[in-house]
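*Asks:* Quick one: structure below, then a few questions.
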Amino acid sequence: MSHPSFVSPDLIRQRFSKAMSDMYREEVPLYGALMQLVEQTNRHVLQSDPQVARQLDSTGEIQRLDLERHGAIRVGTADELATLARLFAVMGMQPVGYYDLTPAGVPVHSTAFRAVHEAALQVSPFRVFTSLLRLELIEDQALRTFAQAVLDKRRIFTPAALHLIECAEREGGLGEEQAQQFVEQALETFRWHHSATVTAEQYQKLSAQHRLIADVVAFKGPHINHLTPRTLDIDIVQAQMPDHGITPKAVVEGPPRRQCPILLRQTSFKALDEPIAFTDQADSRGSHSARFGEIEQRGAALTPKGRALYDRLLNAARDELGEFPNESNATRYNTLMERHFSEFPDTLEGMRQQELAYFRYFVTDKGRAAGALQTMALEDLLRDGYLRVEPLVYEDFLPVSAAGIFQSNLGDAAQSHYGEHSNRQAFEQALGRATIDELALYAETQRRSIEQCFA
Ligand code: OOG
Ligand code: NI
């Protein structure tokens with residue numbers, strides 16, 4: 001039992017997500033512009049497409065839509081990652097999934113901290129894509145030692161934040177005043193710093209190895225590098241971005257446009273050049289680009305079978321394209337994606353019957369009037385209209401898309417080839433715990449919803 005005067009972790013997360021958004025909007029005005037565009041688009045879609053409105057209403061997603069966003073950070077050491085896991089745990093966020101970005105030439109591996117239960121997600125679906133730099137992939141021994149030494153010296157959490165984390169762990173929660181302080185103190189870790197911790201020359205060396213390495217090593221902390229609102233129609237936003245002074249990347253990542261959206265579609269605008277003072281310079285003569293904007297559209301969570309089909313079709317389209325999607329091949333890429341994905345059933349019933357997606361089951365008015373349904377089979381109840389389904393929304397990320405997002409703001413020059421293999425074990429050892437299997441979470445939510453129908 002948690003203490004009655006504790007603030008629930010879900011509420012702390014909701015407040016933190018709001019505080020983060022306010023901070024980012026103040027620091028990056030384009031994020032505010034993007035938020036406005038997304039709000040406008042969502043309102044337009046809800047007005048012009050009653051079916052979408054009805055669906056979001058019945059799943060309750062309509063209530064979380066305006067709150068919904070994800071952020072991303074990159075940390076440098078096992079210690080930083082493990083402490084972050086404890087900080088996020090205070091807000092009810094657990095590490096879900098393992099993403100290896102090295103095949104795409106980005107020297108990190110990652111997880112997503114998020115709430116895991118559908119009731120908690122409903123209060124706040126805030127997620128943070130969190131990457132750990134793989135220093136062992138730096139080939140230059142001297143540079144690796146230097147980077148390690150710089151990272152070992154920095155402290156990315158305020159003493160008060162650390163104290164409050166310990167307090168929450170010891171007591172089992174935080175009271176009102178502590179929760180407020182926690183949000184304020186935790187926010188400090190994600191703030192942008194205008195001064196670097198290295199000289200201009202050291203920064204150049206790190207950056208020459210990989211721009212991402214400079215981004216992690218040369219600063220006081222893991223600044224939030226983007227915050228992403230959720231839109232109901234990403235193609236509208238993508239098309240309208242230029243009118244709002246925002247230049248989007250060439251292609252939308254993820255599946256093509258469909259009647260029944262699946263997984264996650266994403267697009268971003270390029271990182272901004274921002275003035276930086278290096279330690280050997282009195283003023284902000286240097287510059288660094290890390291912070292960018294992104295939007296996402298979320299669709300149905302796929303079963304292992306659905307995901308295997310998605311991966312196969314995506315790979316087939318990309319293989320046929322023969323190179324990374326970019327400005328010059330964007331039209332062809334979209335055509336190839338449409339063609340390959342025509343193989344993926346595009347009705348809810350088709351996806352359900354072939355067990356490609358996860359669903360939530362609801363009792364209909366007819367079902368309620370009929371009363372006891374326990375004796376009938378699920379399929380019969382659906383067919384006769386006693387139950388109906390809505391797809392479960394995908395709460396996670398996609399490695400190929402994430403790689404595309406990384407690349408688009410690092411520049412194509414940042415592609416490297418790493419021989420080293422994926423190393424989930426090393427990641428979990430750094431994290432101090434195992435990552436949670438996202439597919440098991442969806443299966444559980446689906447199972448609970450069926451159970452509730454029969455209750
Ligand atoms: C994270 C990039 C991945 C997403 O939404 O897939 C990502 C980063 O650049 O740190 O945010
Ligand atoms: Ni993102």
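Residue names in the structure tokens use chain letters A, B, ... in the order shown, residue numbers from 1 in each chain, and ligand numbers from 1 in the order shown.
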Taking only stretch 98-273 of chain A into account, list the residues labelled strand (DSSP E or B) by DSSP (computed from the backbone), as a ChimeraX atom specification.

*Replies:* /A:98-100,108-114,127-133,174,195,226-230,248,253,262,264-269,273

*Asks:* Store the residues of this selection in a file with N, CA, C and O atoms, as a compact mmCIF listing (two decimals), in the first residue's frame.

*Replies:*
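Result file out16.txt:
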```txt
# COMPACT_ATOMS: atom_id res chain seq x y z
N TYR A 98 14.78 -2.78 -26.20
CA TYR A 98 16.21 -2.53 -26.44
C TYR A 98 16.37 -2.20 -27.92
O TYR A 98 15.86 -2.92 -28.78
N TYR A 99 17.03 -1.10 -28.21
CA TYR A 99 17.24 -0.67 -29.59
C TYR A 99 18.73 -0.54 -29.85
O TYR A 99 19.42 0.18 -29.13
N ASP A 100 19.22 -1.24 -30.85
CA ASP A 100 20.63 -1.15 -31.20
C ASP A 100 20.75 -0.28 -32.44
O ASP A 100 20.19 -0.59 -33.48
N VAL A 108 25.44 4.10 -30.44
CA VAL A 108 24.67 4.07 -29.18
C VAL A 108 23.76 2.85 -29.18
O VAL A 108 23.46 2.27 -30.22
N HIS A 109 23.33 2.46 -27.98
CA HIS A 109 22.17 1.59 -27.86
C HIS A 109 21.21 2.21 -26.85
O HIS A 109 21.63 3.00 -26.02
N SER A 110 19.94 1.82 -26.94
CA SER A 110 18.91 2.63 -26.30
C SER A 110 17.77 1.82 -25.72
O SER A 110 17.58 0.65 -26.06
N THR A 111 17.00 2.50 -24.88
CA THR A 111 15.73 1.96 -24.41
C THR A 111 14.74 3.12 -24.34
O THR A 111 15.13 4.27 -24.54
N ALA A 112 13.47 2.81 -24.08
CA ALA A 112 12.48 3.88 -23.91
C ALA A 112 11.92 3.78 -22.50
O ALA A 112 11.39 2.74 -22.12
N PHE A 113 12.05 4.84 -21.72
CA PHE A 113 11.44 4.87 -20.40
C PHE A 113 9.99 5.33 -20.58
O PHE A 113 9.74 6.38 -21.19
N ARG A 114 9.06 4.53 -20.05
CA ARG A 114 7.65 4.90 -20.16
C ARG A 114 6.81 4.16 -19.12
O ARG A 114 7.29 3.22 -18.49
N ARG A 127 7.11 9.58 -22.76
CA ARG A 127 8.19 8.60 -22.93
C ARG A 127 9.50 9.32 -23.20
O ARG A 127 9.49 10.39 -23.83
N VAL A 128 10.59 8.72 -22.83
CA VAL A 128 11.90 9.29 -23.16
C VAL A 128 12.79 8.22 -23.79
O VAL A 128 13.14 7.23 -23.14
N PHE A 129 13.12 8.44 -25.05
CA PHE A 129 14.04 7.56 -25.78
C PHE A 129 15.45 7.88 -25.25
O PHE A 129 15.93 9.00 -25.40
N THR A 130 16.08 6.91 -24.60
CA THR A 130 17.32 7.18 -23.88
C THR A 130 18.45 6.33 -24.43
O THR A 130 18.37 5.10 -24.43
N SER A 131 19.49 7.00 -24.91
CA SER A 131 20.60 6.29 -25.55
C SER A 131 21.85 6.36 -24.70
O SER A 131 22.14 7.38 -24.07
N LEU A 132 22.60 5.28 -24.70
CA LEU A 132 23.90 5.22 -24.02
C LEU A 132 24.99 5.17 -25.08
O LEU A 132 24.97 4.30 -25.96
N LEU A 133 25.92 6.10 -24.98
CA LEU A 133 27.05 6.14 -25.91
C LEU A 133 27.90 4.88 -25.72
O LEU A 133 28.16 4.47 -24.59
N LEU A 174 6.72 10.22 -2.72
CA LEU A 174 7.01 11.61 -2.37
C LEU A 174 5.71 12.33 -2.02
O LEU A 174 4.68 12.14 -2.67
N SER A 195 27.50 26.73 -22.41
CA SER A 195 28.95 26.58 -22.38
C SER A 195 29.31 25.10 -22.36
O SER A 195 28.62 24.29 -21.74
N HIS A 226 14.98 16.65 -28.40
CA HIS A 226 13.72 16.99 -29.06
C HIS A 226 12.55 16.56 -28.19
O HIS A 226 12.69 15.70 -27.33
N LEU A 227 11.41 17.18 -28.43
CA LEU A 227 10.15 16.78 -27.79
C LEU A 227 9.15 16.67 -28.92
O LEU A 227 9.02 17.57 -29.74
N THR A 228 8.44 15.57 -28.93
CA THR A 228 7.63 15.23 -30.09
C THR A 228 6.15 15.12 -29.78
O THR A 228 5.74 14.22 -29.05
N PRO A 229 5.33 16.05 -30.29
CA PRO A 229 3.89 15.92 -30.10
C PRO A 229 3.30 14.86 -31.04
O PRO A 229 3.92 14.51 -32.05
N ARG A 230 2.12 14.36 -30.70
CA ARG A 230 1.47 13.32 -31.49
C ARG A 230 0.39 13.94 -32.37
O ARG A 230 -0.50 14.63 -31.88
N PRO A 248 11.04 20.14 -43.23
CA PRO A 248 11.04 18.76 -42.75
C PRO A 248 12.09 17.90 -43.46
O PRO A 248 12.59 18.26 -44.52
N GLU A 253 9.32 8.57 -41.80
CA GLU A 253 9.80 7.24 -41.39
C GLU A 253 8.63 6.35 -40.99
O GLU A 253 7.60 6.84 -40.54
N ILE A 262 -0.71 1.79 -38.53
CA ILE A 262 -0.02 0.82 -37.68
C ILE A 262 1.28 1.42 -37.16
O ILE A 262 1.84 2.34 -37.77
N LEU A 264 4.18 3.35 -35.98
CA LEU A 264 4.57 4.72 -35.72
C LEU A 264 5.11 5.34 -37.00
O LEU A 264 5.94 4.72 -37.67
N ARG A 265 4.60 6.54 -37.34
CA ARG A 265 5.18 7.29 -38.46
C ARG A 265 5.78 8.57 -37.87
O ARG A 265 5.20 9.18 -36.99
N GLN A 266 6.94 8.95 -38.36
CA GLN A 266 7.65 10.09 -37.78
C GLN A 266 8.31 10.95 -38.84
O GLN A 266 8.78 10.44 -39.85
N THR A 267 8.37 12.25 -38.56
CA THR A 267 9.18 13.13 -39.39
C THR A 267 9.79 14.19 -38.49
O THR A 267 9.33 14.42 -37.39
N SER A 268 10.87 14.82 -38.96
CA SER A 268 11.55 15.78 -38.08
C SER A 268 12.07 16.95 -38.90
O SER A 268 12.06 16.93 -40.13
N PHE A 269 12.47 18.02 -38.20
CA PHE A 269 13.20 19.09 -38.90
C PHE A 269 14.61 19.15 -38.34
O PHE A 269 14.88 18.72 -37.23
N ASP A 273 21.63 25.29 -35.41
CA ASP A 273 22.98 25.67 -35.00
C ASP A 273 22.84 26.63 -33.83
O ASP A 273 22.19 27.65 -33.95
```

*Asks:* Please, which residues have at least one atom within 7 Å of an atom of ligand 1, using only C-alpha atoms and all ligand atoms, listed as an NGL selection string?

*Replies:* :A and (71-74 or 129-131 or 225 or 397-399 or 401-403 or 405-406)

*Asks:* My list of candidates is A:Gly92, A:Lys366, A:Lys18, A:Val28. Which is closest to A:Asp66 when distances are computed with only C-alpha atoms?

*Replies:* A:Lys18

*Asks:* Given the choices A:Leu121, A:Ile165, A:Leu101, A:Val252, which gets closest to A:Ala89 if the distance is worked out from only C-alpha atoms?

*Replies:*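 Going through A:Leu121, A:Ile165, A:Leu101, A:Val252 one by one, the smallest distance to A:Ala89 is for A:Ile165.
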
*Asks:* Between A:Ala19, A:Val150, A:Ala115, A:Leu212, which one has atoms that come closest to A:Ala186, using only C-alpha atoms?

*Replies:*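 Closest to A:Ala186, using only C-alpha atoms: A:Ala19.
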
*Asks:* I want to know what sits within 7 Å of stretch 231-233 of chain A, based on only C-alpha atoms, with residues of the same chain fewer than 5 positions away left out; could you give that as a count of residues only?

*Replies:* 6

*Asks:* Restricting the calculation to only C-alpha atoms: of A:Leu314, A:Leu441, A:Met351, A:Ala426, which residue gets closest to A:Cys260?

*Replies:*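 The answer is A:Met351, which sits nearest to A:Cys260.
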
*Asks:* Restricting the calculation to only C-alpha atoms and all ligand atoms: of A:Phe126, A:Arg424, A:Glu136, A:Asp365, which residue gets closest to ligand 2?

*Replies:*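 With only C-alpha atoms and all ligand atoms as the atom set, the closest residue is A:Phe126.
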
*Asks:* Any idea what's packed within 12 Å of A:Lys305, counting only C-alpha atoms, ignoring anything in its chain fewer than 5 positions away? Could you give it as number ranges by chain?

*Replies:* A: 310-312, 344, 351-352, 354-358, 439

*Asks:* Please produce a file of the residues just selected, as a PDB file, in the first residue's frame, where the atoms kept are C-alpha atoms.

*Replies:*
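Output saved as part.pdb:
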```pdb
ATOM      1  CA  TYR A 310       6.232  -5.094 -41.247  1.00  0.00           C
ATOM      2  CA  ASP A 311       9.991  -5.711 -41.078  1.00  0.00           C
ATOM      3  CA  ARG A 312       9.925  -7.898 -44.185  1.00  0.00           C
ATOM      4  CA  PHE A 344      -0.393  -5.815 -45.298  1.00  0.00           C
ATOM      5  CA  MET A 351      -5.556  -7.501 -38.972  1.00  0.00           C
ATOM      6  CA  ARG A 352      -7.472  -9.123 -36.131  1.00  0.00           C
ATOM      7  CA  GLN A 354      -4.776 -12.811 -39.079  1.00  0.00           C
ATOM      8  CA  GLU A 355      -3.504 -11.908 -35.593  1.00  0.00           C
ATOM      9  CA  LEU A 356      -1.305  -9.099 -36.885  1.00  0.00           C
ATOM     10  CA  ALA A 357      -2.256  -6.474 -34.276  1.00  0.00           C
ATOM     11  CA  TYR A 358      -3.269  -6.243 -30.614  1.00  0.00           C
ATOM     12  CA  LEU A 439       5.219  -7.328 -26.740  1.00  0.00           C
TER      13      LEU A 439
END
```

*Asks:* Taking into account only C-alpha atoms and all ligand atoms, which residue in the set A:Tyr361, A:Ser58, A:Pro325, A:Gly293 is nearest to ligand 2?

*Replies:*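 That would be A:Gly293, the residue with the smallest distance to ligand 2.
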
*Asks:* Residues near A:Thr77, anyone? I mean within 8 Å using only C-alpha atoms, not counting same-chain ones fewer than 2 positions away, as a PDB file with C-alpha atoms, in the first residue's frame.

*Replies:*
```
ATOM      1  CA  VAL A  75      24.072   9.735 -21.810  1.00  0.00           C
ATOM      2  CA  ASP A  79      26.397   5.295 -13.841  1.00  0.00           C
ATOM      3  CA  GLU A  80      24.431   8.066 -15.548  1.00  0.00           C
ATOM      4  CA  LEU A  81      22.097   5.548 -17.158  1.00  0.00           C
ATOM      5  CA  LEU A 132      23.895   5.220 -24.018  1.00  0.00           C
ATOM      6  CA  LEU A 133      27.048   6.136 -25.907  1.00  0.00           C
ATOM      7  CA  LEU A 151      32.501  12.015 -18.530  1.00  0.00           C
ATOM      8  CA  ASP A 152      33.727  10.638 -15.210  1.00  0.00           C
ATOM      9  CA  ALA A 430      24.871  -0.584 -17.280  1.00  0.00           C
TER      10      ALA A 430
END
```

*Asks:* What's around A:Glu444 at 10 Å? Count only C-alpha atoms, leave out sequence neighbours fewer than 6 positions away in its own chain, and write the answer as a PyMOL selection string.

*Replies:* chain A and resi 117-118+358+438+450

*Asks:* Which residues are near A:Gln202? Cut-off 10 Å, only C-alpha atoms, ignore same chain within fewer than 3 positions. Put them as a list in words.

*Replies:* Leu143, Phe146, Ala147, Thr197, Val198, Thr199, Lys205, Leu206, Ser207, Ala208, Ala214, Ala218, Phe278 and Thr279 of chain A

*Asks:* In Å, rounded to a single decimal, give me how far atom CA of A:His340 is from atom CA of A:Ala317.

*Replies:*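 These atoms are spaced 6.3 Å apart.
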
*Asks:* Per DSSP on the backbone, filter stretch 35-145 of chain A down to the residues in alpha helix (DSSP H) and report them as a ChimeraX atom specification.

*Replies:* /A:35-48,50-59,61-64,78-90,118-123,141-145
